[in-house]
Every structure is written in structure tokens, then in C-alpha cells.
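Content type PDB, C-alpha atoms, pLDDT in the B column, from the file data-v7.pdb:
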MODEL        1
ATOM      1  CA  MET S   1      24.445  23.490  -3.043  1.00 92.00           C
ATOM      2  CA  LYS S   2      21.874  25.646  -4.783  1.00 94.00           C
ATOM      3  CA  VAL S   3      21.240  27.713  -1.630  1.00 94.00           C
ATOM      4  CA  ASP S   4      24.842  28.952  -1.835  1.00 94.00           C
ATOM      5  CA  ALA S   5      23.650  31.272  -4.589  1.00 95.00           C
ATOM      6  CA  PHE S   6      20.985  32.850  -2.330  1.00 96.00           C
ATOM      7  CA  ASP S   7      21.472  36.386  -1.064  1.00 96.00           C
ATOM      8  CA  ASN S   8      21.190  37.091   2.676  1.00 96.00           C
ATOM      9  CA  GLN S   9      17.502  37.984   2.487  1.00 97.00           C
ATOM     10  CA  CYS S  10      16.632  34.783   0.631  1.00 97.00           C
ATOM     11  CA  LEU S  11      18.739  32.723   3.060  1.00 97.00           C
ATOM     12  CA  GLU S  12      16.913  34.218   6.024  1.00 97.00           C
ATOM     13  CA  ARG S  13      13.521  33.426   4.485  1.00 98.00           C
ATOM     14  CA  THR S  14      14.744  29.885   3.850  1.00 97.00           C
ATOM     15  CA  ARG S  15      15.660  29.535   7.527  1.00 97.00           C
ATOM     16  CA  GLU S  16      12.236  30.836   8.532  1.00 97.00           C
ATOM     17  CA  VAL S  17      10.211  28.461   6.369  1.00 97.00           C
ATOM     18  CA  CYS S  18      12.385  25.484   7.334  1.00 96.00           C
ATOM     19  CA  GLN S  19      11.822  26.237  11.010  1.00 95.00           C
ATOM     20  CA  LYS S  20       8.085  26.424  10.371  1.00 95.00           C
ATOM     21  CA  LEU S  21       8.215  23.026   8.699  1.00 94.00           C
ATOM     22  CA  PHE S  22      10.242  21.557  11.577  1.00 92.00           C
ATOM     23  CA  HIS S  23       7.860  22.831  14.243  1.00 91.00           C
ATOM     24  CA  GLY S  24       4.526  22.996  12.427  1.00 91.00           C
ATOM     25  CA  ASN S  25       4.888  19.934  10.182  1.00 90.00           C
ATOM     26  CA  TYR S  26       2.812  21.440   7.373  1.00 96.00           C
ATOM     27  CA  ILE S  27       2.659  24.591   5.261  1.00 97.00           C
ATOM     28  CA  THR S  28      -0.614  25.054   3.414  1.00 96.00           C
ATOM     29  CA  GLU S  29      -1.199  26.995   0.237  1.00 96.00           C
ATOM     30  CA  TYR S  30      -3.826  29.138   1.929  1.00 94.00           C
ATOM     31  CA  VAL S  31      -4.242  30.374   5.490  1.00 92.00           C
ATOM     32  CA  PHE S  32      -7.044  31.906   7.538  1.00 87.00           C
ATOM     33  CA  ALA S  33      -6.957  34.960   9.762  1.00 80.00           C
ATOM     34  CA  PRO S  34      -8.875  34.782  13.067  1.00 74.00           C
ATOM     35  CA  ASN S  35     -12.527  35.813  12.699  1.00 71.00           C
ATOM     36  CA  ASP S  36     -12.228  35.796   8.912  1.00 73.00           C
ATOM     37  CA  ALA S  37     -13.687  32.902   6.919  1.00 71.00           C
ATOM     38  CA  LEU S  38     -11.944  34.082   3.743  1.00 80.00           C
ATOM     39  CA  LYS S  39      -8.648  32.372   3.025  1.00 87.00           C
ATOM     40  CA  LYS S  40      -5.613  34.156   1.636  1.00 92.00           C
ATOM     41  CA  ALA S  41      -2.484  32.984  -0.127  1.00 94.00           C
ATOM     42  CA  ASN S  42       0.290  31.771   2.184  1.00 96.00           C
ATOM     43  CA  GLU S  43       3.547  33.613   1.441  1.00 97.00           C
ATOM     44  CA  ASP S  44       5.598  30.788   3.001  1.00 98.00           C
ATOM     45  CA  TYR S  45       4.074  28.263   0.604  1.00 98.00           C
ATOM     46  CA  SER S  46       4.735  30.552  -2.366  1.00 98.00           C
ATOM     47  CA  PHE S  47       8.359  31.047  -1.294  1.00 98.00           C
ATOM     48  CA  VAL S  48       9.053  27.324  -0.969  1.00 98.00           C
ATOM     49  CA  MET S  49       7.454  26.576  -4.334  1.00 98.00           C
ATOM     50  CA  ALA S  50       9.545  29.321  -5.980  1.00 98.00           C
ATOM     51  CA  HIS S  51      12.767  27.797  -4.556  1.00 98.00           C
ATOM     52  CA  TYR S  52      11.669  24.185  -4.277  1.00 98.00           C
ATOM     53  CA  GLU S  53      14.755  22.421  -5.650  1.00 97.00           C
ATOM     54  CA  ALA S  54      17.188  24.423  -3.521  1.00 97.00           C
ATOM     55  CA  ILE S  55      15.208  23.928  -0.303  1.00 98.00           C
ATOM     56  CA  GLU S  56      14.620  20.268  -1.140  1.00 97.00           C
ATOM     57  CA  GLU S  57      18.369  19.757  -1.553  1.00 97.00           C
ATOM     58  CA  LEU S  58      19.126  21.544   1.730  1.00 96.00           C
ATOM     59  CA  LEU S  59      16.618  19.509   3.716  1.00 96.00           C
ATOM     60  CA  ASP S  60      17.798  16.269   2.114  1.00 95.00           C
ATOM     61  CA  ARG S  61      21.303  16.950   3.457  1.00 94.00           C
ATOM     62  CA  CYS S  62      19.735  17.084   6.931  1.00 89.00           C
ATOM     63  CA  GLY S  63      17.873  13.787   6.543  1.00 90.00           C
ATOM     64  CA  TRP S  64      14.486  15.236   5.612  1.00 93.00           C
ATOM     65  CA  GLU S  65      12.416  14.727   2.498  1.00 94.00           C
ATOM     66  CA  LEU S  66      10.439  17.742   1.336  1.00 96.00           C
ATOM     67  CA  CYS S  67       7.050  16.507   0.131  1.00 96.00           C
ATOM     68  CA  HIS S  68       4.392  18.316  -1.864  1.00 97.00           C
ATOM     69  CA  ASP S  69       0.765  17.341  -2.333  1.00 97.00           C
ATOM     70  CA  PRO S  70      -0.296  19.647  -5.184  1.00 96.00           C
ATOM     71  CA  ARG S  71      -3.900  18.515  -5.068  1.00 93.00           C
ATOM     72  CA  ALA S  72      -4.280  19.437  -1.411  1.00 93.00           C
ATOM     73  CA  GLY S  73      -1.916  22.392  -1.666  1.00 96.00           C
ATOM     74  CA  VAL S  74       0.276  21.202   1.208  1.00 97.00           C
ATOM     75  CA  LEU S  75       4.021  21.071   1.833  1.00 97.00           C
ATOM     76  CA  TYR S  76       5.361  18.800   4.553  1.00 96.00           C
ATOM     77  CA  LEU S  77       8.415  16.902   5.721  1.00 93.00           C
ATOM     78  CA  SER S  78       9.027  13.186   5.891  1.00 91.00           C
ATOM     79  CA  SER S  79      11.888  11.328   7.551  1.00 87.00           C
ATOM     80  CA  ASP S  80      12.918   7.762   8.331  1.00 81.00           C
ATOM     81  CA  TYR S  81      14.227   8.855  11.736  1.00 72.00           C
ATOM     82  CA  ALA S  82      11.853   7.899  14.563  1.00 61.00           C
ATOM     83  CA  GLN S  83      12.587  11.133  16.436  1.00 64.00           C
ATOM     84  CA  ALA S  84      11.118  13.075  13.525  1.00 64.00           C
ATOM     85  CA  LYS S  85       7.652  11.538  13.813  1.00 74.00           C
ATOM     86  CA  MET S  86       4.800  13.665  15.146  1.00 76.00           C
ATOM     87  CA  ILE S  87       3.869  12.334  18.592  1.00 85.00           C
ATOM     88  CA  LEU S  88       0.284  12.815  19.750  1.00 91.00           C
ATOM     89  CA  THR S  89      -1.548  11.788  22.889  1.00 93.00           C
ATOM     90  CA  GLN S  90      -4.447   9.351  22.595  1.00 93.00           C
ATOM     91  CA  LEU S  91      -6.987  12.184  22.800  1.00 94.00           C
ATOM     92  CA  GLU S  92      -5.144  14.234  20.186  1.00 95.00           C
ATOM     93  CA  SER S  93      -5.030  11.169  17.926  1.00 94.00           C
ATOM     94  CA  TYR S  94      -8.768  10.663  18.414  1.00 95.00           C
ATOM     95  CA  PHE S  95      -9.415  14.314  17.549  1.00 96.00           C
ATOM     96  CA  LEU S  96      -7.273  13.941  14.427  1.00 96.00           C
ATOM     97  CA  LEU S  97      -9.284  10.880  13.371  1.00 95.00           C
ATOM     98  CA  ALA S  98     -12.612  12.599  14.032  1.00 95.00           C
ATOM     99  CA  MET S  99     -11.599  15.659  12.043  1.00 96.00           C
ATOM    100  CA  ARG S 100     -10.463  13.514   9.107  1.00 95.00           C
ATOM    101  CA  LEU S 101     -13.822  11.728   9.069  1.00 94.00           C
ATOM    102  CA  ILE S 102     -15.691  15.030   9.305  1.00 95.00           C
ATOM    103  CA  TYR S 103     -13.467  16.582   6.648  1.00 94.00           C
ATOM    104  CA  ASP S 104     -14.159  13.756   4.194  1.00 91.00           C
ATOM    105  CA  ASP S 105     -17.889  13.882   4.885  1.00 90.00           C
ATOM    106  CA  LYS S 106     -18.227  17.656   4.572  1.00 89.00           C
ATOM    107  CA  LYS S 107     -15.911  17.838   1.568  1.00 84.00           C
ATOM    108  CA  THR S 108     -18.310  15.663  -0.421  1.00 79.00           C
ATOM    109  CA  GLN S 109     -21.089  18.127   0.384  1.00 74.00           C
ATOM    110  CA  ALA S 110     -19.056  21.238  -0.462  1.00 59.00           C
ATOM    111  CA  SER S 111     -17.639  22.439  -3.738  1.00 55.00           C
ATOM    112  CA  ALA S 112     -14.190  21.208  -4.723  1.00 50.00           C
ATOM    113  CA  SER S 113     -12.630  24.351  -3.254  1.00 54.00           C
ATOM    114  CA  GLY S 114     -15.113  24.667  -0.402  1.00 71.00           C
ATOM    115  CA  GLU S 115     -13.738  25.115   3.083  1.00 85.00           C
ATOM    116  CA  VAL S 116     -14.561  22.733   5.899  1.00 91.00           C
ATOM    117  CA  PHE S 117     -15.587  24.269   9.194  1.00 93.00           C
ATOM    118  CA  VAL S 118     -16.384  22.415  12.388  1.00 95.00           C
ATOM    119  CA  THR S 119     -17.001  23.003  16.088  1.00 96.00           C
ATOM    120  CA  ALA S 120     -15.418  21.206  19.021  1.00 96.00           C
ATOM    121  CA  ARG S 121     -18.883  19.893  19.842  1.00 95.00           C
ATOM    122  CA  GLU S 122     -19.098  18.166  16.438  1.00 96.00           C
ATOM    123  CA  ILE S 123     -15.683  16.585  16.955  1.00 96.00           C
ATOM    124  CA  VAL S 124     -16.673  15.181  20.341  1.00 94.00           C
ATOM    125  CA  GLU S 125     -20.000  13.967  18.937  1.00 94.00           C
ATOM    126  CA  GLN S 126     -18.137  12.155  16.153  1.00 93.00           C
ATOM    127  CA  LEU S 127     -15.930  10.412  18.709  1.00 92.00           C
ATOM    128  CA  THR S 128     -18.927   9.565  20.866  1.00 90.00           C
ATOM    129  CA  SER S 129     -20.619   7.937  17.863  1.00 89.00           C
ATOM    130  CA  LEU S 130     -17.500   5.778  17.453  1.00 88.00           C
ATOM    131  CA  ASN S 131     -17.568   5.028  21.178  1.00 86.00           C
ATOM    132  CA  ALA S 132     -13.991   6.276  21.360  1.00 86.00           C
ATOM    133  CA  ILE S 133     -14.748   8.509  24.346  1.00 85.00           C
ATOM    134  CA  ASP S 134     -17.661   9.140  26.692  1.00 78.00           C
ATOM    135  CA  GLN S 135     -16.814  12.739  27.442  1.00 82.00           C
ATOM    136  CA  VAL S 136     -13.849  15.094  27.578  1.00 89.00           C
ATOM    137  CA  ASN S 137     -13.360  18.055  29.888  1.00 93.00           C
ATOM    138  CA  LYS S 138     -12.858  21.513  28.445  1.00 93.00           C
ATOM    139  CA  ARG S 139      -9.219  21.753  29.553  1.00 95.00           C
ATOM    140  CA  ASP S 140      -8.192  18.568  27.722  1.00 95.00           C
ATOM    141  CA  ARG S 141     -10.336  19.507  24.731  1.00 95.00           C
ATOM    142  CA  GLY S 142      -8.692  22.915  24.453  1.00 96.00           C
ATOM    143  CA  LYS S 143      -5.212  21.462  24.870  1.00 96.00           C
ATOM    144  CA  ALA S 144      -5.793  18.873  22.121  1.00 96.00           C
ATOM    145  CA  LEU S 145      -7.074  21.505  19.703  1.00 97.00           C
ATOM    146  CA  ARG S 146      -4.162  23.845  20.450  1.00 97.00           C
ATOM    147  CA  THR S 147      -1.705  21.033  19.751  1.00 96.00           C
ATOM    148  CA  LEU S 148      -3.309  20.254  16.394  1.00 96.00           C
ATOM    149  CA  ALA S 149      -3.425  23.950  15.536  1.00 96.00           C
ATOM    150  CA  GLY S 150       0.294  24.138  16.323  1.00 94.00           C
ATOM    151  CA  LYS S 151       0.820  21.371  13.772  1.00 94.00           C
ATOM    152  CA  ASN S 152      -1.222  23.301  11.174  1.00 95.00           C
ATOM    153  CA  ILE S 153      -4.009  20.743  11.071  1.00 96.00           C
ATOM    154  CA  VAL S 154      -6.725  23.131  12.177  1.00 96.00           C
ATOM    155  CA  ALA S 155      -7.148  26.896  12.564  1.00 94.00           C
ATOM    156  CA  LYS S 156      -9.353  28.694  15.088  1.00 94.00           C
ATOM    157  CA  MET S 157     -11.872  31.035  13.513  1.00 93.00           C
ATOM    158  CA  THR S 158     -14.044  32.285  16.391  1.00 93.00           C
ATOM    159  CA  GLY S 159     -14.492  31.551  20.074  1.00 94.00           C
ATOM    160  CA  LYS S 160     -12.157  30.216  22.757  1.00 94.00           C
ATOM    161  CA  TRP S 161     -10.302  26.930  22.508  1.00 95.00           C
ATOM    162  CA  GLU S 162     -12.108  25.460  25.510  1.00 94.00           C
ATOM    163  CA  ASP S 163     -15.601  26.391  24.290  1.00 95.00           C
ATOM    164  CA  PRO S 164     -17.680  23.547  22.806  1.00 95.00           C
ATOM    165  CA  ASP S 165     -18.880  25.926  20.083  1.00 96.00           C
ATOM    166  CA  VAL S 166     -15.440  27.227  19.092  1.00 96.00           C
ATOM    167  CA  ARG S 167     -15.465  27.407  15.292  1.00 95.00           C
ATOM    168  CA  LEU S 168     -12.541  25.827  13.483  1.00 95.00           C
ATOM    169  CA  ALA S 169     -11.336  25.440   9.927  1.00 94.00           C
ATOM    170  CA  ILE S 170      -9.984  21.976   9.170  1.00 95.00           C
ATOM    171  CA  LEU S 171      -6.988  22.557   6.926  1.00 95.00           C
ATOM    172  CA  PRO S 172      -6.239  20.343   3.894  1.00 95.00           C
ATOM    173  CA  SER S 173      -3.081  19.165   5.670  1.00 96.00           C
ATOM    174  CA  ILE S 174      -5.415  16.680   7.392  1.00 96.00           C
ATOM    175  CA  VAL S 175      -5.278  14.488   4.259  1.00 95.00           C
ATOM    176  CA  CYS S 176      -1.475  14.291   4.537  1.00 94.00           C
ATOM    177  CA  ALA S 177      -1.521  13.687   8.278  1.00 93.00           C
ATOM    178  CA  LEU S 178      -3.880  10.715   8.072  1.00 91.00           C
ATOM    179  CA  SER S 179      -4.229   8.654   4.905  1.00 88.00           C
ATOM    180  CA  PRO S 180      -7.582   7.161   3.801  1.00 87.00           C
ATOM    181  CA  ASP S 181      -6.338   3.650   4.622  1.00 90.00           C
ATOM    182  CA  LYS S 182      -5.245   4.583   8.134  1.00 88.00           C
ATOM    183  CA  THR S 183      -8.467   6.506   8.699  1.00 88.00           C
ATOM    184  CA  LYS S 184     -10.566   3.519   7.667  1.00 87.00           C
ATOM    185  CA  ALA S 185      -8.466   1.099   9.732  1.00 89.00           C
ATOM    186  CA  ALA S 186      -8.647   3.254  12.863  1.00 86.00           C
ATOM    187  CA  ALA S 187     -12.417   3.734  12.582  1.00 84.00           C
ATOM    188  CA  GLN S 188     -12.930   0.001  12.015  1.00 85.00           C
ATOM    189  CA  MET S 189     -10.727  -0.836  14.999  1.00 85.00           C
ATOM    190  CA  LEU S 190     -12.802   1.381  17.288  1.00 83.00           C
ATOM    191  CA  THR S 191     -16.034  -0.083  15.936  1.00 74.00           C
ATOM    192  CA  ALA S 192     -14.771  -3.654  16.334  1.00 74.00           C
ATOM    193  CA  SER S 193     -13.620  -2.931  19.891  1.00 64.00           C
ATOM    194  CA  THR S 194     -17.063  -1.613  20.771  1.00 52.00           C
ATOM    195  CA  GLU S 195     -18.825  -4.635  19.252  1.00 53.00           C
ATOM    196  CA  THR S 196     -16.559  -7.011  21.219  1.00 51.00           C
ATOM    197  CA  GLN S 197     -17.345  -5.211  24.458  1.00 49.00           C
ATOM    198  CA  GLU S 198     -21.080  -5.397  23.719  1.00 47.00           C
ATOM    199  CA  ASP S 199     -20.832  -9.156  22.998  1.00 48.00           C
ATOM    200  CA  GLU S 200     -19.015  -9.696  26.279  1.00 47.00           C
ATOM    201  CA  VAL S 201     -21.771  -7.832  28.139  1.00 39.00           C
ATOM    202  CA  ASP S 202     -24.479  -9.928  26.417  1.00 51.00           C
ATOM    203  CA  GLU S 203     -22.741 -13.179  27.343  1.00 51.00           C
ATOM    204  CA  SER S 204     -22.195 -12.286  30.993  1.00 45.00           C
TER     205      SER S 204
ENDMDL
END
Please go through the file and, once you have read it, give me the structure as C-alpha cells.
Amino acid sequence: MKVDAFDNQCLERTREVCQKLFHGNYITEYVFAPNDALKKANEDYSFVMAHYEAIEELLDRCGWELCHDPRAGVLYLSSDYAQAKMILTQLESYFLLAMRLIYDDKKTQASASGEVFVTAREIVEQLTSLNAIDQVNKRDRGKALRTLAGKNIVAKMTGKWEDPDVRLAILPSIVCALSPDKTKAAAQMLTASTETQEDEVDES
């Protein structure tokens, strides 16, 4: 294997980035520091790209496919094993959907490299407009956002997780986590469910 030629320092960095991929799902080209809206280059991303073939071969031996979306600047893992899939609660899935919709909408308004920022209040309002939820308490809201941050979908900029006005950066990994087709299908399903419920109310 190509990693056999790595020195101890390079092997240790390989272990580190692989663990981050296992637990965080995504490694983005750029990262944000708390309270700083300016992004900086991600050293983990640079390391993987510099040793891509060797790390790809190593992960393949373990049943993982190393994937790279160069347009989004995102590295992530894929696997056919069910245990490897990212499991989210219904609320976390709803938050993911809302953030993808917001990301797409704001990205069209920003420059090609423009960052997308959002508040928890905007996310909840998006879900309310889809009639996905009526309301969500601050504990569940904070827990859902922490989970998605742990999966490198979103990064906290300012505020506390439970605050409705906590400011977040939606990371480009969102486009790998939820494809356009799945986003459209999920939004249509929620809309159709709402329309059916309204028709049932009218008929009663």
C-alpha cells in the first residue's frame, strides 16, 4: 500500500484526518473560527488532497470510498454498509432540509464564493412555511444544531446554540449531504402532506 512509504508523522496525520472523516462525515476546503466571518484554509483538506491516492487506497481496504466534490470543496466518505449511514432524528432531518433550501436561495443572491449565513430563527421559519413543524423548544433546537455542527454541516459564528438569533455559517458540505433531487422530493412531500390535511379539513 502507498501509505507504507509514509513516515511516522505522515502516518499520524493520516490517522487524524481519517478519524475526522469517520466522525464528522465531511472535511471542507475552508473553515470558520468562532466570531470570525472570514474563512481560512483547512489544513486537513490540504493534507488529504496532497496524499489523495494513498488515503483513498487505505480507506478502500476498510470498505469506504473517499469522495471529492471539487466544485463545493468538500471531501467525504461513502459506503454500501448500512451501519455507515449518517442517522438523524426527524427534527435534525428537517433542519438539514431547511438549511439546504436556505443555502440554495441565498447562494443565488451571493457571489459564487459568497458565504451563506443564517440564524436558527430563519431555519424554524423555513420549516414553519413548509408546515413541517409548528414550533420547537430551545433545547431541541440547540441539540439539532449541535448534531449538524458535529457532522460539519454548519458552524456557529456568534451566540449560543439555544438562542433563536444564534448566527451560523452553512457549510458547502450541505450540497453533498442532501442532493437537489432529494431536497425537491422532501419539500414536495411536505407540501403535498399539508394540502391533503387541508382537503380533509374542508371535507369534514
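Closest approach to Leu127 of chain S from the set S:Cys62, S:Ala98, S:Ala5, S:Cys176 is made by S:Ala98, with distances taken over only C-alpha atoms.
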query = Given the file above and the PyMOL selection byres ((chain S and resi 147) around 12), which residues are selected, and can you give them as a ChimeraX atom specification?
reply = /S:23-25,86-89,91-93,95-96,140-146,148-156,161
Taking all listed atoms of segment 126-140 of chain S, build the axis-aligned box, pad each of the six sides by 4 Å, then write its centre and edge lengths in Å to one decimal as JSON.
{"center_x": -14.4, "center_y": 13.4, "center_z": 23.0, "size_x": 20.4, "size_y": 24.7, "size_z": 21.7}
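One finds atom CA of Met157 of chain S at 6.6 Å from atom CA of Asp36 of chain S.
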Can you write out as CSV which residues of segment 32-118 of chain S fall within 10 Å of segment 186-190 of chain S, alongside each residue's closest atom pair and its distance in Å to one decimal, counting all atoms listed in the file and ordering rows by chain and ascending residue number?
residue,atom,partner,partner_atom,distance
S:Tyr94,CA,S:Ala186,CA,9.3
S:Leu97,CA,S:Ala186,CA,7.7
S:Ala98,CA,S:Ala187,CA,9.0
S:Leu101,CA,S:Ala187,CA,8.8
Top pick for closest residue to Ile27 of chain S, considering S:Glu57, S:Asp44, S:Glu12, S:Glu115 and counting only C-alpha atoms = S:Asp44
note = Using all atoms listed in the file, the residue out of S:Gln109, S:Thr119, S:Asn35, S:Gln9 with shortest distance to Glu162 of chain S is S:Thr119
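Residues matched by the PyMOL selection byres ((chain S and resi 33) around 12) in this structure: Tyr30, Val31, Phe32, Pro34, Asn35, Asp36, Ala37, Leu38, Lys39, Lys40, Ala41, Asn42, Ala155, Lys156, Met157, Thr158, Leu168 and Ala169 of chain S.
As for atom CA of Cys10 of chain S and atom CA of Leu66 of chain S, they are spaced 18.1 Å apart.
Reported to one decimal place, the separation of atom CA of Ala72 of chain S from atom CA of Leu130 of chain S is 26.8 Å.
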Excluding Tyr76 of chain S and any residue of its chain fewer than 4 positions from it, enumerate the residues within 10 Å of it, using all atoms listed in the file, and give them as an mmCIF file with C-alpha atoms, keeping the file's coordinate frame.
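The new file result.cif reads:
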data_model
loop_
_atom_site.group_PDB
_atom_site.id
_atom_site.type_symbol
_atom_site.label_atom_id
_atom_site.label_comp_id
_atom_site.auth_asym_id
_atom_site.auth_seq_id
_atom_site.Cartn_x
_atom_site.Cartn_y
_atom_site.Cartn_z
ATOM 1 C CA LYS S 20 8.085 26.424 10.371
ATOM 2 C CA LEU S 21 8.215 23.026 8.699
ATOM 3 C CA PHE S 22 10.242 21.557 11.577
ATOM 4 C CA GLY S 24 4.526 22.996 12.427
ATOM 5 C CA ASN S 25 4.888 19.934 10.182
ATOM 6 C CA TYR S 26 2.812 21.440 7.373
ATOM 7 C CA ILE S 27 2.659 24.591 5.261
ATOM 8 C CA THR S 28 -0.614 25.054 3.414
ATOM 9 C CA TRP S 64 14.486 15.236 5.612
ATOM 10 C CA GLU S 65 12.416 14.727 2.498
ATOM 11 C CA LEU S 66 10.439 17.742 1.336
ATOM 12 C CA CYS S 67 7.050 16.507 0.131
ATOM 13 C CA HIS S 68 4.392 18.316 -1.864
ATOM 14 C CA ASP S 69 0.765 17.341 -2.333
ATOM 15 C CA SER S 173 -3.081 19.165 5.670
ATOM 16 C CA CYS S 176 -1.475 14.291 4.537
ATOM 17 C CA ALA S 177 -1.521 13.687 8.278
#
Contact table segment 58-148 of chain S vs segment 45-48 of chain S, cut-off 10 Å, shortest pair per residue, all atoms listed in the file, as a tab-separated table:
residue	atom	partner	partner_atom	distance
S:Leu66	CA	S:Val48	CA	10.0
S:Gly73	CA	S:Tyr45	CA	8.7
S:Val74	CA	S:Tyr45	CA	8.0
S:Leu75	CA	S:Tyr45	CA	7.3
message = I need the residue nearest Lys107 of chain S from this list: S:Leu171, S:Val124, S:Leu59, S:Ala54. Use all atoms listed in the file for the distance.
response = S:Leu171
What's the 9 Å shell around Val175 of chain S, counting all atoms listed in the file, without same-chain residues fewer than 6 positions away, as a compact mmCIF listing (two decimals) with C-alpha atoms, keeping the file's coordinate frame?
# COMPACT_ATOMS: atom_id res chain seq x y z
CA ALA S 72 -4.28 19.44 -1.41
CA ARG S 100 -10.46 13.51 9.11
CA TYR S 103 -13.47 16.58 6.65
CA ASP S 104 -14.16 13.76 4.19
request  = Taking the file as shown, find all residues satisfying the PyMOL selection byres ((chain S and resi 2) around 10) and write them as a PyMOL selection string.
outcome  = chain S and resi 1+3-6+51+53-58
request  = For Asp165 of chain S, list every protein, DNA or RNA residue within 7 Å, evaluated using only C-alpha atoms, and leave out those in the same chain fewer than 2 positions away; present the list as a list in words.
outcome  = Thr119, Ala120, Arg121, Asp163 and Arg167 of chain S
